[in-house]
Amino acid sequence: MERAGGGCYPRYMASTSPVGQQTVRMSGGKPALALYLHIPFCSSKCGYCDFNSYEGLEHLVPEYTPALVHELELWAPAARTFGVDTVFFGGGTPSLTTLDDMSAIVAAVREQYDIAPDAEWTLEANPTELTREHLEGLRHLGINRLSMGVQSMRPDELELLERAHTPERVVQAVEDARAAGFDNLNLDLIFGLIGQRPEHWQETLERVLQFRPEHLSCYALTVEPGTALYYRVQKGQLPDPDPDIAAEEYEWTRERLARDGYQQYEISNWAKPGRACRHNLVYWRAEPYLGFGAGAHSFFAGQRFANVDAPNRYEEAVAATVEARATTGSAAMQQIAGGETPDHTTQMADAMILGLRLMEGVGLEEFTTRFGARVEDAFADALAKHTRLGLIEVADGRLRLTSRGLLLSNEVFVDLLPDPPEE
Amino acid sequence: MEQSRIRNFSIIAHIDHGKSTLADRMLEITGAVDPRDMRDQMLDSMDLEREKGITIKAQAVRMDFAAADGQHYELNLIDTPGHVDFTYEVSRALAACEGAVLVVDATQGIQAQTLANVYLAMNLNLRLIPVVNKVDLPSAEPERVAKQLTDIIGFDLDEVLYASGKSGIGVRDVLQAVVERVPPPAGDRDAPLRAMIFDAKYDTFKGVMAYVRVVDGRVDMSRRLRLIQHGSRFEPVEVGYFHPALTTTGFLDAGEVGYIATGLKGVQQTRVGDTITFDVDGATDPLAGYQPAKAMVFAGIYPTDPDQYSAFREALEKLSLNDAALQWEPETSTALGFGFRCGFLGLLHMEIVQERLEREFSLDLIATAPSVEYQVTRTNGTEIEIDSPAELPPTTEIEEVREPWVKVSVTVPARYIGSVMGLVAERRGEFDHTEYLDHAEDEGESRVLTTYHLPLAEILTEFYDQLKSRTAGYAAMDYQLEAYRAARVSKLEILVNGEPVDALSSIVPTENAAHQGRKLVSALKELIPRQMFDVPLQAVIGGRIVARETVKAMRKNVLAKCYGGDITRKRKLLEKQKAGKKRMKMLGSVEVPQEAFMAVLKMHE
């Protein structure tokens with residue numbers, strides 16, 4: 001078996017403090033760490049989805065939970081100096097994992113890591129197969145935040161997206177979640193759908209607001225290369241989504257949600273006060289996280305790396321790592337991909353690109369303290385250009401995207417990237 | 001070989017009339033090419049020629065032919081291009097010959113272009129051998145075509161030969177006729193050397209290779225040589241002939257055709273048409289050279305990558321060595337950067353040059369709209385010639401503009417006369433006269449030669465394609481410059497975000513200007529990506545806006561969900577967008593992709 005990306009684990013062992021982190025968030029008196037667990041299985045793959053998820057791989061499910069548990073064990077020594085305050089089950093469809101398996105995984109997390117008592121435990125759920133009993137079981141295991149993929153409340157749009165559920169199913173699932181005791185609920189929605197008129201989107205959002213979710217994620221549809229939807233558009237069976245309608249819907253959304261007391265904290269995320277997703281913020285603030293499972297990404301000890309995508313190869317990689325540990329004592333996770341240590345310039349660009357996605361923006365003083373360079377110097381040209389274009393602004397010592405800049409953020413980000421090396 | 005047993009000849013033919021195939025058979029019969037090495041279009045060495053099925057460059061080959069009298073003869077065939085744009089190449093080749101085989105397709109008959117080359121050969125006192133080719137095709141009408149040859153050109157019927165290059169029928173007879181009818185060269189072998197350069201090519205190791213016809217004397221490796229007109233001197237590096245591969249002999253005698261490797265590295269030092277002689281005790285009078293070809297079509301050509309500018313200049317220098325018709329001088333465009341204003345014989349020539357530059361020199365080029373050369377009389381009485389819109393003075397300073405008109409000959413079956421007439425009328429043309437080349441039973445099948453007068457600018461834009469499509473492909477045309485006539489033209493400018501884009505402006509007939517402006521602006525609207533602000537696009541004629549469109553400001557360009565913290569992938573997506581932006585040309589603050597220019601410039605063709 002190959003060992004792509006080299007054995008990273010021993011190097012992390014040697015590194016006991018987070019390198020290059022901004023302000024060190026603490027959990028239980030230690031630097032905080034986020035855990036991400038990836039469940040790659042779905043009962044059916046949606047046409048727009050380009051995530052690392054698979055349908056028809058049920059035969060790999062029985063070995064997946066033990067593999068995850070093993071991988072949690074493998075990394076535990078490296079994470080000993082950290083306190084964990086957010087655990088996120090993403091997918092795929094984590095809500096398909098049986099309660100027995102979930103119980104084993106949650107137990108391993110609690111056993112191996114220093115979990116804060118008030119930690120955020122999020123699980124992504126698909127309303128299609130969600131039962132009251134399952135929800136109660138999850139709540140019982142300590143899952144305290146549910147993120148449900150609703151996407152739309154219109155049957156024709158759900159069909160376009162190849163979602164298996166109906167709007168009625170969403171109503172039932174939300175009701176069941178509340179009854180099971182979930183008081184921190186996120187609903188994922190997609191706007192800017194192909195053929196969508198603003199009033200269609202308004203209808204979805206209005207219906208969803210009746211559930212009084214604590215958190216809402218609203219993403220503009222992106223037709224990702226390689227997806228079924230992409231091929232339908234390429235073949236001319238469907239038109240491209242209309243970016244102007246998406247823009248109009250987005251602007252309406254911002255006003256509408258503000259009216260109901262939601263605070264926008266990121267380009268696509270809104271929450272009631274105090275309900276912003278802690279896990280999301282870790283990503284945007286470039287804080288450390290460890291990812292477990294097929295294709296899961298980590299940012300740890302200043303490095304970005306990921307597990308192999310294919311679930312079967314992931315299971316093999318864990319097995320091989322466990323075997324190697326038994327025989328040679330080496331515990332480097334095998335088949336790690338894309339081990340990258342961002343250099344100083346890339347770190348600065350990452351901090352800007354991630355930070356600007358947040359409404360709080362980038363603190364100019366914090367940036368200087370962290371990188372030893374001023375934003376105004378490191379990105380002088382981009383700042384001048386996009387300030388002139390009205391996409392960014394500085395206020396109260398922080399650099400932020402303007403209202404208009406939110407939807408045009410790529411235009412800004414592209415200019416923040418370092419120039420590629422000359423060929 | 002003594003001159004009495006040397007024959008130098010060309011083949012004149014219209015495109016597709018089978019010249020290259022006939023030449024292939026000649027090479028086979030004379031054993032110049034081993035049958036195992038034989039491939040189609042043997043003399044067309046450029047990939048481009050094989051792909052397009054045409055001859056662009058003159059090529060030469062020496063053949064050894066055992067004639068009916070039992071003697072061996074040295075036949076030098078100089079192949080010539082058939083397209084109207086390459087008449088200049090033809091005249092160079094013909095000047096090196098004493099005779100020419102006139103090939104006419106038995107299914108097509110005489111074409112306008114063939115006639116033009118026949119007259120060229122007649123002016124040079126070449127002996128012509130008429131050959132009706134492709135006689136074995138089911139649709140062949142050899143008698144009818146033979147009658148055209150006697151009626152129009154004045155051959156005797158018993159002079160006409162019948163052949164098929166494809167099957168080889170009659171090809172030996174054609175070679176025999178070359179021996180019998182074409183006069184042997186009559187140079188003075190005792191006189192000092194005089195060799196005419198009819199083509200040249202650059203070789204990295206041997207320097208400039210001069211393709212020559214030795215008229216007087218002998219060239220060998222023993223003496224230093226000189227170009228009479230240019231004055232450059234050199235020691236020959238190699239002397240030989242074409243078989244068709246270069247074959248070294250060390251000498252060439254009067255009457256023979258071959259090459260002299262000059263070792264000269266400066267490509268500008270060796271001009272086609274110059275005469276080579278001995279440096280010491282050489283001839284004093286040059287041979288009658290060629291009329292330098294007059295460029296009729298002009299366009300700016302730019303490297304898409306500015307870093308290729310100097311490579312582009314070198315490529316032009318090397319290419320003009322064996323394409324003396326190509327003219328060029330530096331030009332700068334705010335939109336396209338540094339490039340060259342180039343003059344061509346015609347549109348095909350322009351296309352061929354661009355393709356050769358791109359293929360042979362690995363360049364990536366972009367050409368502006370082709371223009372003709374206008375004569376302008378200013379109100380202050382001064383005269384200027386301009387070939388680019390940038391040079392056109394303001395309307396108030398113009399007394400008169402004159403544009404080149406050409407005489408266009410079209411050969412076509414009589415039933416298409418009306419269609420051709422219609423096309424000519426749409427293009428500001430005038431009818432001159434019609435001449436019947438023959439009389440078929442069905443009057444509509446008779447072939448006619450019709451003559452028109454048209455502004456050259458009009459035949460630059462899709463005229464030939466239109467002519468072909470309106471006559472089911474039957475029409476063939478030829479044109480020659482005739483006179484300058486007063487013209488009503490305007491400078492059409494395209495403004496992007498209020499700034500004129502020089503690469504997109506053009507000189508157009510005033511009556512078409514507004515239409516053309518609207519067409520360009522609406523095409524640009526689809527091609528320019530949305531920017532961070534509204535971008536107005538305007539077509540302006542003499543300060544008056546004739547068309548306006550707006551590229552609305554972009555409103556959305558955002559990355560969706562950050563999947564499982566995969567920041568590297570997000571960055572990669574952004575890097576891809578950034579790379580896309582890098583390939584854009586900046587027009588003021590507007591980013592325009594290279595493809596947009598290409599597409600709009602193509603609309604002119």
# chains A, B, ... in the order shown; residues from 1 in each chain; ligands from 1

call {"tool": "closest_atom_pairs", "arguments": {"of": "segment 86-204 of chain B", "to": "segment 262-283 of chain B", "cutoff": "7 Å", "atoms": "only C-alpha atoms", "output": "Markdown table"}}
result
| residue | atom | partner | partner_atom | distance |
| --- | --- | --- | --- | --- |
| B:Pro192 | CA | B:Ala283 | CA | 5.5 |
| B:Leu193 | CA | B:Thr277 | CA | 4.9 |
| B:Arg194 | CA | B:Thr277 | CA | 5.1 |
| B:Ala195 | CA | B:Ile276 | CA | 5.0 |
| B:Met196 | CA | B:Thr275 | CA | 4.8 |
| B:Ile197 | CA | B:Val272 | CA | 5.2 |
| B:Phe198 | CA | B:Val272 | CA | 5.6 |
| B:Asp199 | CA | B:Val272 | CA | 5.5 |
| B:Ala200 | CA | B:Val272 | CA | 6.6 |

call {"tool": "write_last_selection", "arguments": {"atoms": "C-alpha atoms", "output": "tab-separated table (two decimals), in the first residue's frame"}}
result
chain	number	residue	atom	x	y	z
B	192	PRO	CA	30.80	34.51	-66.73
B	193	LEU	CA	28.26	32.92	-64.38
B	194	ARG	CA	24.75	34.35	-64.21
B	195	ALA	CA	22.27	32.45	-62.09
B	196	MET	CA	18.75	33.70	-61.34
B	197	ILE	CA	17.44	33.17	-57.80
B	198	PHE	CA	13.84	32.04	-58.21
B	199	ASP	CA	13.32	31.00	-54.60
B	200	ALA	CA	15.17	30.84	-51.31

call {"tool": "closest_atom_pairs", "arguments": {"of": "chain A", "to": "chain B", "cutoff": "9 Å", "atoms": "only C-alpha atoms", "output": "CSV"}}
result
residue,atom,partner,partner_atom,distance
A:Tyr36,CA,B:Gly564,CA,7.3
A:Leu37,CA,B:Gly564,CA,8.9
A:His38,CA,B:Gly564,CA,8.0
A:Phe51,CA,B:Tyr563,CA,7.0
A:Asn52,CA,B:Tyr563,CA,8.9
A:Gly90,CA,B:Gly564,CA,7.2
A:Gly91,CA,B:Gly564,CA,8.5
A:Ser217,CA,B:Lys561,CA,8.9
A:Tyr219,CA,B:Ala560,CA,5.9
A:Ala220,CA,B:Ala560,CA,6.5
A:Leu221,CA,B:Ala560,CA,7.5
A:Thr222,CA,B:Ala560,CA,6.7
A:Pro243,CA,B:Lys556,CA,5.8
A:Asp244,CA,B:Arg555,CA,6.2
A:Ala246,CA,B:Lys556,CA,7.6
A:Ala247,CA,B:Lys556,CA,6.0
A:Glu248,CA,B:Arg555,CA,8.8
A:Ile267,CA,B:Val558,CA,8.8
A:Ser268,CA,B:Lys561,CA,7.7
A:Asn280,CA,B:Gly565,CA,8.5
A:Val282,CA,B:Gly565,CA,8.9
A:Tyr283,CA,B:Gly565,CA,5.9
A:Trp284,CA,B:Gly565,CA,8.8
A:Tyr289,CA,B:Gly565,CA,8.4
A:Gly291,CA,B:Gly564,CA,8.0
A:Gly295,CA,B:Gly564,CA,8.9
A:Ala296,CA,B:Gly564,CA,6.7
A:His297,CA,B:Asp566,CA,5.8
A:Ser298,CA,B:Gly565,CA,7.3
A:Phe299,CA,B:Gly565,CA,8.2
A:Arg304,CA,B:Thr568,CA,7.6
A:Phe305,CA,B:Thr568,CA,8.8
A:Ala306,CA,B:Asp566,CA,8.4
A:Gly338,CA,B:Thr568,CA,8.6
A:Glu340,CA,B:Thr568,CA,8.6
A:Asp350,CA,B:Arg571,CA,8.1
A:Ile353,CA,B:Arg571,CA,8.8
A:Leu354,CA,B:Ile567,CA,8.6
A:Leu389,CA,B:Met532,CA,7.0
A:Arg404,CA,B:Arg555,CA,7.8
A:Gly405,CA,B:Lys556,CA,9.0
A:Leu406,CA,B:Val558,CA,7.7
A:Leu407,CA,B:Lys556,CA,4.9
A:Leu408,CA,B:Asn557,CA,4.6
A:Ser409,CA,B:Val558,CA,5.6
A:Asn410,CA,B:Val558,CA,5.3
A:Glu411,CA,B:Asn557,CA,6.9
A:Phe413,CA,B:Leu574,CA,7.2
A:Val414,CA,B:Lys578,CA,5.4
A:Asp415,CA,B:Lys578,CA,7.4
A:Leu417,CA,B:Glu575,CA,7.3
A:Asp419,CA,B:Lys578,CA,8.8
A:Pro420,CA,B:Glu575,CA,8.3

call {"tool": "select_by_dssp", "arguments": {"residues": "segment 418-471 of chain B", "states": "helix (DSSP H, G or I)", "output": "list in words"}}
result
Gly418, Ser419, Val420, Met421, Gly422, Leu423, Val424, Ala425, Glu426, Glu443, Gly444, Glu445, Leu456, Ala457, Glu458, Ile459, Leu460, Phe463, Tyr464, Asp465, Gln466, Leu467, Lys468, Ser469 and Arg470 of chain B

call {"tool": "write_last_selection", "arguments": {"atoms": "N, CA and C atoms", "output": "tab-separated table (two decimals), in the first residue's frame"}}
result
chain	number	residue	atom	x	y	z
B	418	GLY	N	-26.83	34.92	-63.49
B	418	GLY	CA	-27.70	35.79	-62.69
B	418	GLY	C	-27.27	35.83	-61.24
B	419	SER	N	-26.90	34.67	-60.69
B	419	SER	CA	-26.50	34.62	-59.28
B	419	SER	C	-25.23	35.42	-59.05
B	420	VAL	N	-24.29	35.27	-59.99
B	420	VAL	CA	-23.03	35.98	-59.85
B	420	VAL	C	-23.28	37.49	-59.95
B	421	MET	N	-24.14	37.84	-60.91
B	421	MET	CA	-24.47	39.25	-61.11
B	421	MET	C	-25.05	39.84	-59.83
B	422	GLY	N	-25.94	39.09	-59.19
B	422	GLY	CA	-26.57	39.54	-57.95
B	422	GLY	C	-25.53	39.81	-56.87
B	423	LEU	N	-24.61	38.88	-56.75
B	423	LEU	CA	-23.56	39.04	-55.73
B	423	LEU	C	-22.72	40.28	-56.01
B	424	VAL	N	-22.36	40.44	-57.27
B	424	VAL	CA	-21.53	41.59	-57.65
B	424	VAL	C	-22.25	42.90	-57.35
B	425	ALA	N	-23.56	42.92	-57.63
B	425	ALA	CA	-24.34	44.14	-57.38
B	425	ALA	C	-24.37	44.48	-55.89
B	426	GLU	N	-24.52	43.44	-55.06
B	426	GLU	CA	-24.52	43.67	-53.61
B	426	GLU	C	-23.20	44.23	-53.13
B	443	GLU	N	-28.14	25.40	-73.23
B	443	GLU	CA	-27.48	26.71	-73.17
B	443	GLU	C	-26.92	27.00	-71.78
B	444	GLY	N	-27.67	26.58	-70.73
B	444	GLY	CA	-27.25	26.84	-69.35
B	444	GLY	C	-25.96	26.14	-68.97
B	445	GLU	N	-25.60	25.11	-69.72
B	445	GLU	CA	-24.39	24.35	-69.41
B	445	GLU	C	-23.15	24.97	-70.06
B	456	LEU	N	-11.76	46.35	-54.40
B	456	LEU	CA	-11.01	45.24	-53.81
B	456	LEU	C	-11.52	44.90	-52.40
B	457	ALA	N	-11.85	45.96	-51.65
B	457	ALA	CA	-12.32	45.74	-50.28
B	457	ALA	C	-13.51	44.79	-50.24
B	458	GLU	N	-14.33	44.84	-51.28
B	458	GLU	CA	-15.53	44.02	-51.30
B	458	GLU	C	-15.24	42.54	-51.49
B	459	ILE	N	-14.15	42.24	-52.18
B	459	ILE	CA	-13.89	40.82	-52.37
B	459	ILE	C	-13.07	40.23	-51.23
B	460	LEU	N	-12.70	41.08	-50.27
B	460	LEU	CA	-11.95	40.58	-49.12
B	460	LEU	C	-12.86	39.91	-48.10
B	463	PHE	N	-16.33	37.12	-50.18
B	463	PHE	CA	-16.81	37.16	-51.56
B	463	PHE	C	-16.64	35.79	-52.23
B	464	TYR	N	-15.44	35.23	-52.07
B	464	TYR	CA	-15.15	33.98	-52.75
B	464	TYR	C	-16.05	32.85	-52.24
B	465	ASP	N	-16.25	32.81	-50.91
B	465	ASP	CA	-17.14	31.79	-50.34
B	465	ASP	C	-18.55	31.94	-50.88
B	466	GLN	N	-19.00	33.20	-50.92
B	466	GLN	CA	-20.34	33.48	-51.43
B	466	GLN	C	-20.47	33.06	-52.90
B	467	LEU	N	-19.44	33.38	-53.66
B	467	LEU	CA	-19.45	33.05	-55.08
B	467	LEU	C	-19.57	31.54	-55.26
B	468	LYS	N	-18.80	30.82	-54.47
B	468	LYS	CA	-18.82	29.35	-54.55
B	468	LYS	C	-20.20	28.82	-54.16
B	469	SER	N	-20.75	29.36	-53.07
B	469	SER	CA	-22.00	28.79	-52.58
B	469	SER	C	-23.18	29.15	-53.51
B	470	ARG	N	-23.09	30.29	-54.17
B	470	ARG	CA	-24.22	30.67	-55.04
B	470	ARG	C	-24.15	30.00	-56.41

call {"tool": "select_by_dssp", "arguments": {"residues": "segment 40-254 of chain A", "states": "strand (DSSP E)", "output": "tab-separated table (two decimals) with N, CA, C and O atoms, in the first residue's frame"}}
result
chain	number	residue	atom	x	y	z
A	41	PHE	N	-21.76	7.87	3.12
A	41	PHE	CA	-22.82	7.08	2.47
A	41	PHE	C	-24.12	7.85	2.34
A	41	PHE	O	-24.51	8.61	3.22
A	42	CYS	N	-24.81	7.64	1.20
A	42	CYS	CA	-26.13	8.22	0.97
A	42	CYS	C	-27.01	7.14	0.38
A	42	CYS	O	-26.52	6.24	-0.30
A	54	TYR	N	-21.41	8.82	-1.60
A	54	TYR	CA	-21.65	7.70	-2.52
A	54	TYR	C	-22.95	7.01	-2.21
A	54	TYR	O	-23.31	6.83	-1.04
A	55	GLU	N	-23.65	6.60	-3.26
A	55	GLU	CA	-24.77	5.70	-3.05
A	55	GLU	C	-24.34	4.31	-3.50
A	55	GLU	O	-23.41	4.16	-4.31
A	83	GLY	N	-8.15	20.87	23.88
A	83	GLY	CA	-9.50	20.63	24.35
A	83	GLY	C	-10.46	20.77	23.19
A	83	GLY	O	-10.32	21.66	22.36
A	84	VAL	N	-11.42	19.85	23.07
A	84	VAL	CA	-12.33	19.86	21.93
A	84	VAL	C	-13.65	20.49	22.32
A	84	VAL	O	-14.28	20.08	23.30
A	85	ASP	N	-14.08	21.50	21.58
A	85	ASP	CA	-15.36	22.14	21.93
A	85	ASP	C	-16.39	22.07	20.80
A	85	ASP	O	-17.46	22.63	20.90
A	86	THR	N	-16.02	21.39	19.71
A	86	THR	CA	-17.04	21.15	18.69
A	86	THR	C	-16.74	19.87	17.93
A	86	THR	O	-15.61	19.62	17.53
A	87	VAL	N	-17.78	19.06	17.78
A	87	VAL	CA	-17.68	17.79	17.05
A	87	VAL	C	-18.76	17.84	15.97
A	87	VAL	O	-19.91	18.17	16.27
A	88	PHE	N	-18.38	17.53	14.72
A	88	PHE	CA	-19.34	17.70	13.62
A	88	PHE	C	-19.39	16.42	12.79
A	88	PHE	O	-18.37	15.95	12.30
A	89	PHE	N	-20.58	15.86	12.67
A	89	PHE	CA	-20.77	14.70	11.79
A	89	PHE	C	-21.32	15.20	10.45
A	89	PHE	O	-22.45	15.68	10.39
A	90	GLY	N	-20.48	15.09	9.41
A	90	GLY	CA	-20.92	15.59	8.10
A	90	GLY	C	-20.96	14.47	7.09
A	90	GLY	O	-20.45	13.37	7.33
A	91	GLY	N	-21.53	14.79	5.95
A	91	GLY	CA	-21.65	13.70	4.98
A	91	GLY	C	-21.64	14.16	3.55
A	91	GLY	O	-21.25	15.28	3.27
A	115	ILE	N	-13.22	16.38	25.74
A	115	ILE	CA	-14.39	17.09	25.23
A	115	ILE	C	-14.96	18.02	26.29
A	115	ILE	O	-15.22	17.58	27.42
A	116	ALA	N	-15.16	19.27	25.89
A	116	ALA	CA	-15.74	20.24	26.84
A	116	ALA	C	-17.18	19.85	27.14
A	116	ALA	O	-17.89	19.35	26.27
A	117	PRO	N	-17.63	20.07	28.38
A	117	PRO	CA	-19.01	19.69	28.73
A	117	PRO	C	-20.04	20.43	27.89
A	117	PRO	O	-21.09	19.88	27.57
A	118	ASP	N	-19.71	21.67	27.48
A	118	ASP	CA	-20.68	22.44	26.70
A	118	ASP	C	-20.37	22.37	25.21
A	118	ASP	O	-20.73	23.25	24.44
A	119	ALA	N	-19.66	21.33	24.78
A	119	ALA	CA	-19.27	21.24	23.37
A	119	ALA	C	-20.49	21.22	22.46
A	119	ALA	O	-21.57	20.75	22.82
A	120	GLU	N	-20.26	21.73	21.23
A	120	GLU	CA	-21.30	21.71	20.19
A	120	GLU	C	-21.16	20.37	19.46
A	120	GLU	O	-20.09	20.03	18.96
A	121	TRP	N	-22.25	19.57	19.43
A	121	TRP	CA	-22.26	18.28	18.71
A	121	TRP	C	-23.27	18.37	17.58
A	121	TRP	O	-24.46	18.31	17.83
A	122	THR	N	-22.77	18.56	16.37
A	122	THR	CA	-23.69	18.73	15.24
A	122	THR	C	-23.75	17.45	14.42
A	122	THR	O	-22.74	16.77	14.25
A	123	LEU	N	-24.92	17.16	13.90
A	123	LEU	CA	-25.05	16.04	12.97
A	123	LEU	C	-25.89	16.48	11.78
A	123	LEU	O	-26.94	17.12	11.94
A	124	GLU	N	-25.41	16.20	10.58
A	124	GLU	CA	-26.16	16.52	9.37
A	124	GLU	C	-27.20	15.42	9.13
A	124	GLU	O	-26.88	14.24	9.21
A	125	ALA	N	-28.41	15.85	8.82
A	125	ALA	CA	-29.49	14.88	8.64
A	125	ALA	C	-30.24	15.14	7.34
A	125	ALA	O	-30.38	16.28	6.91
A	145	ARG	N	-27.05	19.55	18.22
A	145	ARG	CA	-27.34	20.47	17.12
A	145	ARG	C	-27.61	19.62	15.89
A	145	ARG	O	-26.83	18.74	15.54
A	146	LEU	N	-28.73	19.91	15.23
A	146	LEU	CA	-29.11	19.14	14.05
A	146	LEU	C	-29.11	20.06	12.84
A	146	LEU	O	-29.65	21.15	12.88
A	147	SER	N	-28.45	19.59	11.78
A	147	SER	CA	-28.40	20.40	10.56
A	147	SER	C	-29.09	19.62	9.47
A	147	SER	O	-28.62	18.56	9.05
A	148	MET	N	-30.25	20.13	9.02
A	148	MET	CA	-31.08	19.36	8.12
A	148	MET	C	-31.02	19.92	6.69
A	148	MET	O	-31.18	21.11	6.48
A	149	GLY	N	-30.81	19.03	5.75
A	149	GLY	CA	-30.76	19.43	4.34
A	149	GLY	C	-32.14	19.54	3.77
A	149	GLY	O	-32.73	18.56	3.32
A	150	VAL	N	-32.71	20.75	3.82
A	150	VAL	CA	-34.07	20.97	3.32
A	150	VAL	C	-34.02	21.35	1.84
A	150	VAL	O	-34.74	20.83	1.01
A	151	GLN	N	-33.17	22.30	1.51
A	151	GLN	CA	-32.89	22.82	0.15
A	151	GLN	C	-34.04	23.60	-0.45
A	151	GLN	O	-33.86	24.69	-0.94
A	185	LEU	N	-31.31	24.09	15.82
A	185	LEU	CA	-31.62	23.48	14.54
A	185	LEU	C	-31.14	24.36	13.40
A	185	LEU	O	-31.44	25.55	13.36
A	186	ASN	N	-30.39	23.74	12.50
A	186	ASN	CA	-30.02	24.47	11.27
A	186	ASN	C	-30.75	23.85	10.10
A	186	ASN	O	-30.93	22.63	10.03
A	187	LEU	N	-31.18	24.70	9.16
A	187	LEU	CA	-31.76	24.20	7.93
A	187	LEU	C	-30.93	24.71	6.75
A	187	LEU	O	-30.64	25.90	6.67
A	188	ASP	N	-30.53	23.77	5.90
A	188	ASP	CA	-29.78	24.14	4.69
A	188	ASP	C	-30.75	24.40	3.55
A	188	ASP	O	-31.63	23.60	3.29
A	189	LEU	N	-30.55	25.52	2.85
A	189	LEU	CA	-31.42	25.86	1.71
A	189	LEU	C	-30.55	26.24	0.51
A	189	LEU	O	-29.42	26.69	0.68
A	190	ILE	N	-31.11	26.02	-0.66
A	190	ILE	CA	-30.40	26.44	-1.89
A	190	ILE	C	-31.29	27.41	-2.67
A	190	ILE	O	-32.46	27.09	-2.93
A	191	PHE	N	-30.73	28.56	-3.02
A	191	PHE	CA	-31.48	29.50	-3.85
A	191	PHE	C	-30.79	29.63	-5.20
A	191	PHE	O	-29.79	28.98	-5.47
A	215	HIS	N	-30.82	28.55	13.17
A	215	HIS	CA	-29.71	28.79	12.23
A	215	HIS	C	-30.19	28.48	10.82
A	215	HIS	O	-30.97	27.55	10.61
A	216	LEU	N	-29.73	29.28	9.86
A	216	LEU	CA	-30.08	29.01	8.45
A	216	LEU	C	-28.83	29.14	7.58
A	216	LEU	O	-28.07	30.10	7.72
A	217	SER	N	-28.63	28.17	6.70
A	217	SER	CA	-27.57	28.29	5.69
A	217	SER	C	-28.25	28.38	4.33
A	217	SER	O	-29.03	27.51	3.97
A	218	CYS	N	-27.99	29.47	3.62
A	218	CYS	CA	-28.59	29.65	2.29
A	218	CYS	C	-27.48	29.77	1.26
A	218	CYS	O	-26.73	30.75	1.27
A	219	TYR	N	-27.38	28.78	0.40
A	219	TYR	CA	-26.32	28.76	-0.61
A	219	TYR	C	-26.90	28.99	-1.98
A	219	TYR	O	-27.96	28.46	-2.31
A	220	ALA	N	-26.16	29.75	-2.78
A	220	ALA	CA	-26.56	29.88	-4.18
A	220	ALA	C	-26.16	28.61	-4.90
A	220	ALA	O	-25.08	28.07	-4.67

call {"tool": "closest_residue", "arguments": {"among": "B:Phe340, B:Tyr309, B:Tyr259, B:Tyr211", "to": "Leu321 of chain B", "atoms": "only C-alpha atoms"}}
result
B:Tyr211

call {"tool": "residues_around", "arguments": {"residues": "Arg139 of chain A", "least_positions_apart": "5", "cutoff": "9 Å", "atoms": "only C-alpha atoms", "output": "list in words"}}
result
His134, Asn144, Arg145, Ala180, Gly181 and Phe182 of chain A

call {"tool": "atom_distance", "arguments": {"atom1": "atom CA of Phe82 of chain A", "atom2": "atom CA of Gly302 of chain A"}}
result
14.6 Å

call {"tool": "residues_around", "arguments": {"residues": "Asp307 of chain B", "least_positions_apart": "4", "cutoff": "12 Å", "atoms": "only C-alpha atoms", "output": "list in words"}}
result
Tyr302, Pro303, Ala311, Phe312, Arg313, Gly337, Phe338, Gly339, Leu363, Asp364 and Leu365 of chain B

call {"tool": "residues_around", "arguments": {"residues": "Phe371 of chain A", "least_positions_apart": "5", "cutoff": "9 Å", "atoms": "only C-alpha atoms", "output": "number ranges by chain"}}
result
A: 20, 344, 347-348, 366

call {"tool": "write_last_selection", "arguments": {"atoms": "C-alpha atoms", "output": "PDB file, in the first residue's frame"}}
result
ATOM      1  CA  GLY A  20       0.397  30.157  13.143  1.00  0.00           C
ATOM      2  CA  HIS A 344       3.742  32.730   4.932  1.00  0.00           C
ATOM      3  CA  GLN A 347      -1.201  31.823   5.099  1.00  0.00           C
ATOM      4  CA  MET A 348      -1.823  35.536   4.782  1.00  0.00           C
ATOM      5  CA  GLU A 366      -4.749  41.184  14.730  1.00  0.00           C
TER       6      GLU A 366
END

call {"tool": "residues_around", "arguments": {"residues": "segment 435-438 of chain B", "least_positions_apart": "3", "cutoff": "7 Å", "atoms": "only C-alpha atoms", "output": "number ranges by chain"}}
result
B: 148, 152, 446-450

call {"tool": "residues_around", "arguments": {"residues": "segment 383-397 of chain B", "least_positions_apart": "6", "cutoff": "6 Å", "atoms": "only C-alpha atoms", "output": "PyMOL selection string"}}
result
chain B and resi 372-377+506-507

call {"tool": "closest_residue", "arguments": {"among": "A:Asp381, A:Leu74, A:Cys46, A:Pro66", "to": "Ala332 of chain A", "atoms": "only C-alpha atoms"}}
result
A:Leu74

call {"tool": "atom_distance", "arguments": {"atom1": "atom CA of Thr346 of chain A", "atom2": "atom CA of Leu358 of chain A"}}
result
18.7 Å
